[in-house]
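> Just passing along the structure, written as structure tokens.
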Amino acid sequence: MVTDPRKGRIDVFFVDICRVLIGFNNFNFYEKLAGISGIPAKEIETLDKELFHQLWPRTDTSKMLPYGFYNQLKIELARITLVNKRAHFLRDFTFSFFKEASASMLKLKPKVLDFVRCLRGLGCKIILTSNTYAVLYDAQRSLFPQVFSNTDGCILSHEIGYRKPDRAFWLIALDEVRWVLPERIFVVDDLKENIDSAKLLGMNGAVFTNIENLKKELEKFDFSFKK
């Protein structure tokens, strides 16, 4: 009987950062901007979704640098800020403030980090694979160094110029662990489209919702939690 080489053997986990290891709450960012502009946070959220979400792929791949994004955001917010508050907003909404407001969106998920430590203790390599831009990544490293000290490397969209689910992103990730067969890699990501694109290259994976469900997915895979 021929056994399935994918069963029970995972050498590398590709793990997303935001919404997997680190929580991400956009509304904290909107509230920070609301505080200095006088514009309701909900209105800033609408502006972000209508005008700026389309820019994230460019910032994530460094085709637009963070300062360029910040400057466009400042122009649009100044345009709708009340006239009597505009001067104060233009003075206070500095690039430093933008970076601080961006950092306020982040919150560590300790249980997920503990689980990553467990996987690493079993001998698995943990490689972070993230769509992110420099400001957010710098904030993550500054606030949560324990995340990066418990992993074995990073594949970051703003450094390589591609973002998930682009096939090129995963090909670059695979090149970083070229000694490992794709079927012995498991991808943990919060977006199904990213998992699906990784599977097209022979990797395995599961959409992350919580640790309990991830364990169930790994059990289906016959992954052993014993060293």
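Here's how to read the names in the structure tokens: chain A, B, ... by the order shown, residue numbers from 1 in each chain, ligand numbers from 1 in the order shown.
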Write out as a short mmCIF file (atom, residue, chain, number, x, y, z; two decimals) with C-alpha atoms, in the first residue's frame each polymer residue whose atoms come within 10 Å of Ala206 (chain A), counting only C-alpha atoms; drop sequence neighbours fewer than 3 positions from it.


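Written output follows (out-v5.cif):
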```cif
data_model
loop_
_atom_site.label_atom_id
_atom_site.label_comp_id
_atom_site.auth_asym_id
_atom_site.auth_seq_id
_atom_site.Cartn_x
_atom_site.Cartn_y
_atom_site.Cartn_z
CA PHE A 186 1.03 24.30 5.33
CA VAL A 187 -0.31 27.83 4.80
CA VAL A 188 -2.26 29.61 7.55
CA ASP A 189 -4.02 32.74 6.27
CA ASP A 190 -7.27 34.60 7.00
CA LEU A 191 -8.26 34.85 3.30
CA LYS A 192 -9.49 31.89 1.25
CA ASN A 194 -4.65 33.28 -0.55
CA ILE A 195 -5.00 29.65 0.54
CA ASP A 196 -6.42 28.67 -2.85
CA LYS A 199 -2.76 25.12 -3.13
CA THR A 209 -10.55 31.59 12.19
CA ASN A 213 -10.43 25.17 14.11
CA LEU A 214 -6.81 25.21 12.97
CA GLU A 217 -7.73 21.13 10.15
CA LEU A 218 -4.31 19.79 11.10
#
```

> DSSP on the backbone: what in region 92-165 of chain A comes out strand (DSSP E or B), as a ChimeraX atom specification?

/A:106-108,125-130,154-156

> In terms of the shortest atom-to-atom distance over only C-alpha atoms, which of A:Thr61, A:Ser197, A:Ser104, A:Asn71 is closest to Glu31 (chain A)?

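When distances to Glu31 (chain A) are compared using only C-alpha atoms, the smallest one comes from A:Ser104.
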
> Determine which residues of region 51-82 of chain A DSSP labels as helix (DSSP H, G or I) from the backbone of this structure, then write them out as JSON, numbers by chain.

{"A": [51, 52, 53, 54, 55, 56, 57, 58, 59, 60, 66, 67, 68, 69, 70, 71, 72, 73, 74, 75, 76, 77, 78, 79, 80]}

> How would the residues just picked look written out with C-alpha atoms as a short mmCIF file (atom, residue, chain, number, x, y, z; two decimals), in the first residue's frame?


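Output contents, as saved in part.cif:
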```
data_model
loop_
_atom_site.label_atom_id
_atom_site.label_comp_id
_atom_site.auth_asym_id
_atom_site.auth_seq_id
_atom_site.Cartn_x
_atom_site.Cartn_y
_atom_site.Cartn_z
CA LEU A 51 -11.05 56.15 -2.08
CA PHE A 52 -8.15 54.47 -0.36
CA HIS A 53 -8.72 50.70 -0.28
CA GLN A 54 -7.84 50.64 -3.96
CA LEU A 55 -4.42 52.06 -3.05
CA TRP A 56 -3.49 49.30 -0.60
CA PRO A 57 -2.18 46.94 -3.32
CA ARG A 58 0.18 49.73 -4.39
CA THR A 59 1.37 50.48 -0.85
CA ASP A 60 1.69 46.75 -0.05
CA PRO A 66 3.79 55.22 2.85
CA TYR A 67 4.45 58.96 2.79
CA GLY A 68 2.62 59.23 -0.53
CA PHE A 69 -0.39 57.43 0.91
CA TYR A 70 -0.31 59.61 4.04
CA ASN A 71 -0.13 62.78 1.95
CA GLN A 72 -3.13 61.81 -0.19
CA LEU A 73 -5.10 60.94 2.93
CA LYS A 74 -4.19 64.29 4.49
CA ILE A 75 -5.35 66.19 1.40
CA GLU A 76 -8.70 64.39 1.29
CA LEU A 77 -9.36 64.78 5.01
CA ALA A 78 -8.41 68.48 4.93
CA ARG A 79 -10.89 68.96 2.09
CA ILE A 80 -13.82 67.77 4.26
#
```

> Go through A:Lys125, A:Arg141, A:Arg167, A:His158 and flag the residue nearest Val12 (chain A), using only C-alpha atoms for the distances.

A:Lys125

> Show me, as a PyMOL selection string, the residues that have an atom within 12 Å of Tyr162 (chain A) when counting only C-alpha atoms, minus same-chain residues fewer than 6 positions from it.

chain A and resi 57-63+129-133+155-156+168-173

> Excluding same-chain residues fewer than 2 positions from Asn28 (chain A), what lies within 12 Å of it counting only C-alpha atoms, as a short mmCIF file (atom, residue, chain, number, x, y, z; two decimals) with C-alpha atoms, in the first residue's frame?


```cif
data_model
loop_
_atom_site.label_atom_id
_atom_site.label_comp_id
_atom_site.auth_asym_id
_atom_site.auth_seq_id
_atom_site.Cartn_x
_atom_site.Cartn_y
_atom_site.Cartn_z
CA GLY A 23 -5.27 41.49 15.41
CA PHE A 24 -6.10 44.42 13.18
CA ASN A 25 -8.82 46.95 14.04
CA ASN A 26 -9.15 49.72 11.44
CA TYR A 30 -10.40 56.14 12.18
CA GLU A 31 -11.05 57.30 15.74
CA LYS A 32 -7.54 58.72 16.04
CA LEU A 33 -8.10 60.74 12.86
CA ALA A 34 -11.55 61.79 14.03
CA GLY A 35 -10.00 63.20 17.19
CA ALA A 41 -15.00 58.12 12.49
CA LYS A 42 -17.73 56.50 10.38
CA ILE A 44 -13.53 58.56 7.67
CA GLU A 45 -14.21 54.83 7.34
CA GLU A 100 1.21 56.24 15.62
CA ALA A 101 -2.42 55.99 14.51
CA SER A 102 -1.53 53.04 12.28
CA ALA A 103 0.12 51.27 15.22
CA SER A 104 -3.04 51.72 17.30
CA MET A 105 -4.81 49.23 15.03
CA LEU A 106 -2.62 46.35 16.19
CA LYS A 107 -3.16 43.88 19.03
#
```

> Identify, on the basis of only C-alpha atoms, every residue whose closest approach to Phe93 (chain A) does not exceed 9 Å; exclude the query and any residue fewer than 2 positions from it along the same chain; express the result as a PyMOL selection string.

chain A and resi 33+36-37+74+88-91+95-98
